[in-house]
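Beneath this line is the structure, given in structure tokens, with notes to follow.
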Amino acid sequence: MSDRLYIFDTTLRDGEQSPGCSMNIDEKLRVAHALATLGVDIIEAGFPIASPGDFEAVHRIASEVHGPKIAGLARAAQGDIARAAEAVKPAGDNARIHTFIATSPIHMEAKLRMSPDQVVERAVAAVKQARSLVPEVEFSAEDAGRSEIDFLCRIVEQVIKAGARVINIPDTVGYMTPDEFGYRIRTLIENVPNSDQAIFSVHCHNDLGLAVANSLAAIENGARQVECTINGLGERAGNAALEEIVMIMKTRSDRYNIDLGIDTTKIVPTSKLVSQITGMPIQPNKAIVGANAFAHESGIHQDGMLKHKKTYEIMTPESVGWRANRMVLGKHSGRAALKARYIELGEVLDDERLVAVFDRFKVLADKKKDIFDEDLMSILSDDSNVEAERVKLISLHAASGTNDAPVAAVELEIEGVRHKATAEGDGPVDAAFKAIKSMVEPNGKLLLYAVNAITVGTDAQGEVTVRLQDGERIVNGQGADTDIIVASAKALIAALNKLPNMHAREVHAQYSGV
Ligand code: KIV
Ligand code: ZN
């Protein structure tokens with residue numbers, strides 16, 4: 001058994017399944033590049049059969065992102081596997097197909113309507129087909145946590161015989177406790193006769209808040225691949241958080257003594273990038289990447305920290321990539337300095353992109369004296385959304401005061417045509433939202449509105465997150481600006497742009513086509 005733990009990141013697949021977290025292809029590529037810089041071993045880039053967009057994202061990541069293995073997910077079905085193989089092909093020797101079928105009684109009977117024998121037969125056929133198309137095949141027994149252990153041993157032995165070299169044991173519904181799950185992994189490794197031919201992997205969901213604890217129990221019992229996501233994103237309550245697993249291995253190396261390929265100083269920048277792109281905020285008390293994770297508030301703690309940092313700090317903020325807000329650039333900085341700073345942040349801009357980003361930088365530098373790294377990242381996020389925008393904010397004017405009814409006048413460009421509307425509201429943000437919503441449909445039900453200051457100071461950019469629901473679909477949008485009314489409008493527009501059927505409303509309050 002190797003002493004290397006392989007980090008399999010599924011932010012772009014399971015993470016993207018979090019409500020409202022869907023990403024466009026360019027956003028997925030940015031995340032994939034950041035994951036490669038972070039040093040993950042495998043990127044699960046998507047589920048190619050799910051849609052042409054998913055296929056293209058996996059294909060482009062397999063073509064353009066070098067270093068990690070690139071996995072495509074496929075059900076144990078011929079069409080899925082053929083499509084996944086085509087999508088991951090450009091990764092060459094680094095291509096992996098991850099095929100799965102459910103193995104618990106409830107899933108086999110109620111969902112698949114297949115007998116256990118049929119499930120084994122299907123799994124073996126899928127692994128053989130995948131193995132004929134790509135160099136490496138991973139097999140997952142969906143809902144393994146609730147599967148009969150004897151049946152699990154049987155199917156695992158058969159798929160290894162068929163060519164699977166990674167066996168993933170998911171706790172799909174987050175039902176296991178650590179002792180049970182660890183025992184399950186040990187039982188499989190000890191009882192499956194050919195278990196030495198595969199790496200055992202786990203994929204834990206967080207429904208009972210045990211995803212990381214269960215993953216650790218599995219590692220202690222022989223698992224050497226962990227599937228996880230940045231910020232713990234994923235279906236329902238999410239997956240095991242990559243940053244937590246990695247920092248447990250590093251901080252408690254006395255206990256685990258396992259090597260990892262991760263550059264931990266890239267954890268916080270990657271976490272912020274994923275949060276910005278998905279519009280999913282990070283709770284302040286989230287371990288490792290939350291804004292308060294290294295903040296010491298009580299007098300006793302502060303006193304201890306001043307005397308010796310190790311009194312209350314088990315790892316340094318710098319080791320995970322936290323840096324004091326650093327003034328990096330200002331209004332007189334040139335394009336070369338901007339480009340160099342982005343390279344330090346792990347973002348390589350080509351000349352065309354640099355021109356667009358530099359224009360945005362200058363606009364911000366006119367409004368705000370000190371430009372911090374966080375500001376640079378928000379400029380980049382704003383810029384990468386531009387091409388996908390069907391609705392653009394042209395102008396916004398809002399007025400409010402102690403004795404005036406708040407009012408906002410907004411001009412939008414919707415699919416190339418200019419529209420204007422004004423509205424009153426309970427506050428200037430409410431007025432701006434009413435004006436914007438009067439111009440488009442569908443315009444979604446507001447589920448969340450949250451404001452956060454990106455950096456310190458009263459001239460800080462406000463970062464706004466908006467979550468909208470339209471029928472079954474939930475979308476998130478983020479916007480940043482030194483004016484929080486404008487940031488709010490940008491966030492609402494970013495969310496609206498993610499609603500597939502959104503278009504200009506035929507008649508709205510005040511229309512002026514240009
Ligand atoms: O949770 C799960 O079982 C999955 C599988 C597809 C690995 O996401
Ligand atoms: Zn999952």
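Each chain in the structure tokens gets a letter, A, B and so on, in the order shown; residues start at 1 in every chain, and ligands are counted from 1 in the order they appear.
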
Contacts of A:Leu446 within 12 Å, only C-alpha atoms, excl. fewer than 5 positions in-chain, as a VMD selection string: chain A and resid 430 433 to 434 437 465 to 470 474 to 477 491 to 492 495 to 496

Stretch 411-509 of chain A residues near stretch 373-384 of chain A within 8 Å, closest pair each, using only C-alpha atoms, as JSON lines:
{"residue": "A:Ile454", "atom": "CA", "partner": "A:Glu374", "partner_atom": "CA", "distance": 6.5}
{"residue": "A:Thr455", "atom": "CA", "partner": "A:Glu374", "partner_atom": "CA", "distance": 7.0}
{"residue": "A:Gln461", "atom": "CA", "partner": "A:Asp375", "partner_atom": "CA", "distance": 7.4}
{"residue": "A:Gly479", "atom": "CA", "partner": "A:Asp382", "partner_atom": "CA", "distance": 7.3}
{"residue": "A:Ala480", "atom": "CA", "partner": "A:Ser378", "partner_atom": "CA", "distance": 6.6}

Could I get the residue neighbourhood of ligand 1 at 10 Å, counting only C-alpha atoms and all ligand atoms, as a ChimeraX atom specification? /A:10,13-15,17,47,73-75,98-102,138-145,168-174,202-205,227,234-235,238-239

Those residues you just picked out, can you put them in a file as an mmCIF file, in the first residue's frame with N, CA and C atoms?
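File produced: out_16.cif:
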data_model
loop_
_atom_site.group_PDB
_atom_site.id
_atom_site.type_symbol
_atom_site.label_atom_id
_atom_site.label_comp_id
_atom_site.auth_asym_id
_atom_site.auth_seq_id
_atom_site.Cartn_x
_atom_site.Cartn_y
_atom_site.Cartn_z
ATOM 1 N N THR A 10 -13.618 16.831 -7.064
ATOM 2 C CA THR A 10 -14.860 16.745 -7.859
ATOM 3 C C THR A 10 -15.693 18.035 -7.766
ATOM 4 N N ARG A 13 -17.752 18.554 -10.795
ATOM 5 C CA ARG A 13 -18.824 17.594 -11.087
ATOM 6 C C ARG A 13 -19.807 17.534 -9.912
ATOM 7 N N ASP A 14 -19.421 16.920 -8.796
ATOM 8 C CA ASP A 14 -20.357 16.872 -7.660
ATOM 9 C C ASP A 14 -20.580 18.286 -7.117
ATOM 10 N N GLY A 15 -19.496 19.085 -7.060
ATOM 11 C CA GLY A 15 -19.610 20.457 -6.558
ATOM 12 C C GLY A 15 -20.571 21.273 -7.395
ATOM 13 N N GLN A 17 -23.052 20.242 -8.794
ATOM 14 C CA GLN A 17 -24.432 19.796 -8.547
ATOM 15 C C GLN A 17 -25.057 20.500 -7.336
ATOM 16 N N PHE A 47 -19.578 15.424 -16.326
ATOM 17 C CA PHE A 47 -20.375 14.243 -16.655
ATOM 18 C C PHE A 47 -20.731 14.392 -18.142
ATOM 19 N N LEU A 73 -17.162 11.408 -15.746
ATOM 20 C CA LEU A 73 -18.093 10.474 -15.093
ATOM 21 C C LEU A 73 -19.005 9.830 -16.131
ATOM 22 N N ALA A 74 -19.326 8.548 -15.899
ATOM 23 C CA ALA A 74 -20.225 7.830 -16.824
ATOM 24 C C ALA A 74 -21.015 6.800 -16.021
ATOM 25 N N ARG A 75 -22.327 6.738 -16.271
ATOM 26 C CA ARG A 75 -23.060 5.606 -15.692
ATOM 27 C C ARG A 75 -22.546 4.332 -16.363
ATOM 28 N N HIS A 98 -14.592 7.372 -14.990
ATOM 29 C CA HIS A 98 -15.124 7.016 -13.671
ATOM 30 C C HIS A 98 -16.551 6.519 -13.909
ATOM 31 N N THR A 99 -16.725 5.201 -13.834
ATOM 32 C CA THR A 99 -18.050 4.654 -14.105
ATOM 33 C C THR A 99 -18.684 4.148 -12.811
ATOM 34 N N PHE A 100 -19.999 4.266 -12.732
ATOM 35 C CA PHE A 100 -20.655 3.889 -11.476
ATOM 36 C C PHE A 100 -21.997 3.215 -11.709
ATOM 37 N N ILE A 101 -22.365 2.396 -10.723
ATOM 38 C CA ILE A 101 -23.715 1.821 -10.681
ATOM 39 C C ILE A 101 -24.058 1.614 -9.211
ATOM 40 N N ALA A 102 -25.348 1.724 -8.894
ATOM 41 C CA ALA A 102 -25.763 1.596 -7.493
ATOM 42 C C ALA A 102 -25.746 0.138 -7.049
ATOM 43 N N GLU A 138 -11.914 3.936 -13.134
ATOM 44 C CA GLU A 138 -12.329 3.929 -11.728
ATOM 45 C C GLU A 138 -13.766 3.431 -11.686
ATOM 46 N N PHE A 139 -14.050 2.570 -10.720
ATOM 47 C CA PHE A 139 -15.423 2.081 -10.559
ATOM 48 C C PHE A 139 -15.964 2.538 -9.212
ATOM 49 N N SER A 140 -17.198 3.056 -9.206
ATOM 50 C CA SER A 140 -17.867 3.441 -7.959
ATOM 51 C C SER A 140 -19.108 2.606 -7.743
ATOM 52 N N ALA A 141 -19.248 2.115 -6.506
ATOM 53 C CA ALA A 141 -20.457 1.390 -6.105
ATOM 54 C C ALA A 141 -21.346 2.413 -5.405
ATOM 55 N N GLU A 142 -22.245 3.016 -6.183
ATOM 56 C CA GLU A 142 -23.056 4.097 -5.606
ATOM 57 C C GLU A 142 -23.852 3.583 -4.403
ATOM 58 N N ASP A 143 -23.940 4.398 -3.382
ATOM 59 C CA ASP A 143 -24.625 4.065 -2.117
ATOM 60 C C ASP A 143 -23.970 2.855 -1.439
ATOM 61 N N ALA A 144 -22.635 2.775 -1.590
ATOM 62 C CA ALA A 144 -21.899 1.646 -0.982
ATOM 63 C C ALA A 144 -22.098 1.610 0.527
ATOM 64 N N GLY A 145 -22.299 2.789 1.131
ATOM 65 C CA GLY A 145 -22.486 2.841 2.586
ATOM 66 C C GLY A 145 -23.665 1.997 3.033
ATOM 67 N N ASN A 168 -13.906 3.023 -5.887
ATOM 68 C CA ASN A 168 -14.418 4.098 -5.037
ATOM 69 C C ASN A 168 -15.638 3.623 -4.248
ATOM 70 N N ILE A 169 -15.603 3.902 -2.949
ATOM 71 C CA ILE A 169 -16.686 3.480 -2.053
ATOM 72 C C ILE A 169 -17.390 4.740 -1.558
ATOM 73 N N PRO A 170 -18.484 5.121 -2.225
ATOM 74 C CA PRO A 170 -19.147 6.355 -1.795
ATOM 75 C C PRO A 170 -20.129 6.127 -0.652
ATOM 76 N N ASP A 171 -20.157 7.097 0.254
ATOM 77 C CA ASP A 171 -21.265 7.151 1.217
ATOM 78 C C ASP A 171 -22.204 8.208 0.626
ATOM 79 N N THR A 172 -22.946 7.768 -0.362
ATOM 80 C CA THR A 172 -23.719 8.670 -1.220
ATOM 81 C C THR A 172 -24.710 9.542 -0.447
ATOM 82 N N VAL A 173 -25.286 8.981 0.618
ATOM 83 C CA VAL A 173 -26.321 9.735 1.337
ATOM 84 C C VAL A 173 -25.817 10.223 2.695
ATOM 85 N N GLY A 174 -24.530 10.119 2.941
ATOM 86 C CA GLY A 174 -23.945 10.641 4.183
ATOM 87 C C GLY A 174 -24.505 9.981 5.428
ATOM 88 N N VAL A 202 -12.522 6.856 -1.384
ATOM 89 C CA VAL A 202 -13.816 7.124 -0.747
ATOM 90 C C VAL A 202 -14.368 8.462 -1.216
ATOM 91 N N HIS A 203 -15.678 8.565 -1.094
ATOM 92 C CA HIS A 203 -16.402 9.743 -1.575
ATOM 93 C C HIS A 203 -17.542 9.940 -0.574
ATOM 94 N N CYS A 204 -17.340 10.861 0.383
ATOM 95 C CA CYS A 204 -18.299 10.962 1.485
ATOM 96 C C CYS A 204 -19.131 12.238 1.393
ATOM 97 N N HIS A 205 -20.429 12.065 1.567
ATOM 98 C CA HIS A 205 -21.326 13.224 1.613
ATOM 99 C C HIS A 205 -21.547 13.638 3.057
ATOM 100 N N GLU A 227 -12.053 11.548 -2.457
ATOM 101 C CA GLU A 227 -12.780 12.452 -3.354
ATOM 102 C C GLU A 227 -13.340 13.589 -2.505
ATOM 103 N N GLY A 234 -21.140 20.485 -3.095
ATOM 104 C CA GLY A 234 -21.611 19.182 -3.561
ATOM 105 C C GLY A 234 -23.094 19.017 -3.310
ATOM 106 N N GLU A 235 -23.631 17.922 -3.817
ATOM 107 C CA GLU A 235 -25.058 17.613 -3.657
ATOM 108 C C GLU A 235 -25.512 17.833 -2.215
ATOM 109 N N GLY A 238 -23.315 18.692 0.677
ATOM 110 C CA GLY A 238 -21.976 18.768 0.104
ATOM 111 C C GLY A 238 -21.127 17.528 0.340
ATOM 112 N N ASN A 239 -19.876 17.644 -0.118
ATOM 113 C CA ASN A 239 -18.889 16.551 -0.013
ATOM 114 C C ASN A 239 -17.854 16.918 1.054
#

Excluding same-chain residues fewer than 3 positions from A:Val407, what lies within 8 Å of it counting only C-alpha atoms, as a VMD selection string? chain A and resid 398 to 400 422 to 425 427 to 428 431 to 432

Those residues with N, CA, C and O atoms, as a compact mmCIF listing (two decimals), in the first residue's frame please?
# COMPACT_ATOMS: atom_id res chain seq x y z
N ALA A 398 -29.34 55.93 -8.54
CA ALA A 398 -30.25 55.69 -7.41
C ALA A 398 -30.21 56.89 -6.49
O ALA A 398 -29.16 57.50 -6.32
N ALA A 399 -31.37 57.22 -5.91
CA ALA A 399 -31.40 58.33 -4.95
C ALA A 399 -32.18 57.90 -3.73
O ALA A 399 -33.21 57.20 -3.85
N SER A 400 -31.70 58.27 -2.57
CA SER A 400 -32.43 57.97 -1.35
C SER A 400 -32.00 58.97 -0.28
O SER A 400 -31.00 59.66 -0.44
N THR A 422 -37.59 52.92 -14.44
CA THR A 422 -37.38 53.49 -13.10
C THR A 422 -38.37 52.85 -12.15
O THR A 422 -39.44 52.38 -12.57
N ALA A 423 -38.00 52.78 -10.88
CA ALA A 423 -38.92 52.20 -9.88
C ALA A 423 -38.62 52.80 -8.53
O ALA A 423 -37.50 53.25 -8.26
N GLU A 424 -39.64 52.80 -7.69
CA GLU A 424 -39.44 53.17 -6.28
C GLU A 424 -39.34 51.89 -5.48
O GLU A 424 -39.83 50.85 -5.90
N GLY A 425 -38.72 51.97 -4.31
CA GLY A 425 -38.61 50.77 -3.48
C GLY A 425 -38.47 51.11 -2.03
O GLY A 425 -38.47 52.29 -1.65
N GLY A 427 -35.85 50.71 -0.35
CA GLY A 427 -34.51 51.26 -0.21
C GLY A 427 -33.94 51.34 -1.61
O GLY A 427 -34.58 50.85 -2.57
N PRO A 428 -32.76 51.91 -1.81
CA PRO A 428 -32.25 52.04 -3.18
C PRO A 428 -31.97 50.70 -3.86
O PRO A 428 -32.14 50.57 -5.08
N ALA A 431 -35.29 49.37 -4.95
CA ALA A 431 -35.76 50.13 -6.13
C ALA A 431 -35.01 49.67 -7.39
O ALA A 431 -35.62 49.46 -8.45
N ALA A 432 -33.69 49.49 -7.26
CA ALA A 432 -32.90 49.06 -8.44
C ALA A 432 -33.34 47.66 -8.89
O ALA A 432 -33.49 47.39 -10.08

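Relative to atom CA of A:Gly330, atom CA of A:Lys367 is found at 10.5 Å.
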
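You can rank A:Ala130, A:Met176, A:Val119, A:Ala293 by their closest distance to A:Gly209 using only C-alpha atoms, and at the top of that list sits A:Met176.
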
Judged by only C-alpha atoms and all ligand atoms, the minimum distance to ligand 2 among A:Ala211, A:Ala71, A:Ile185, A:Leu133 is found for A:Ala211
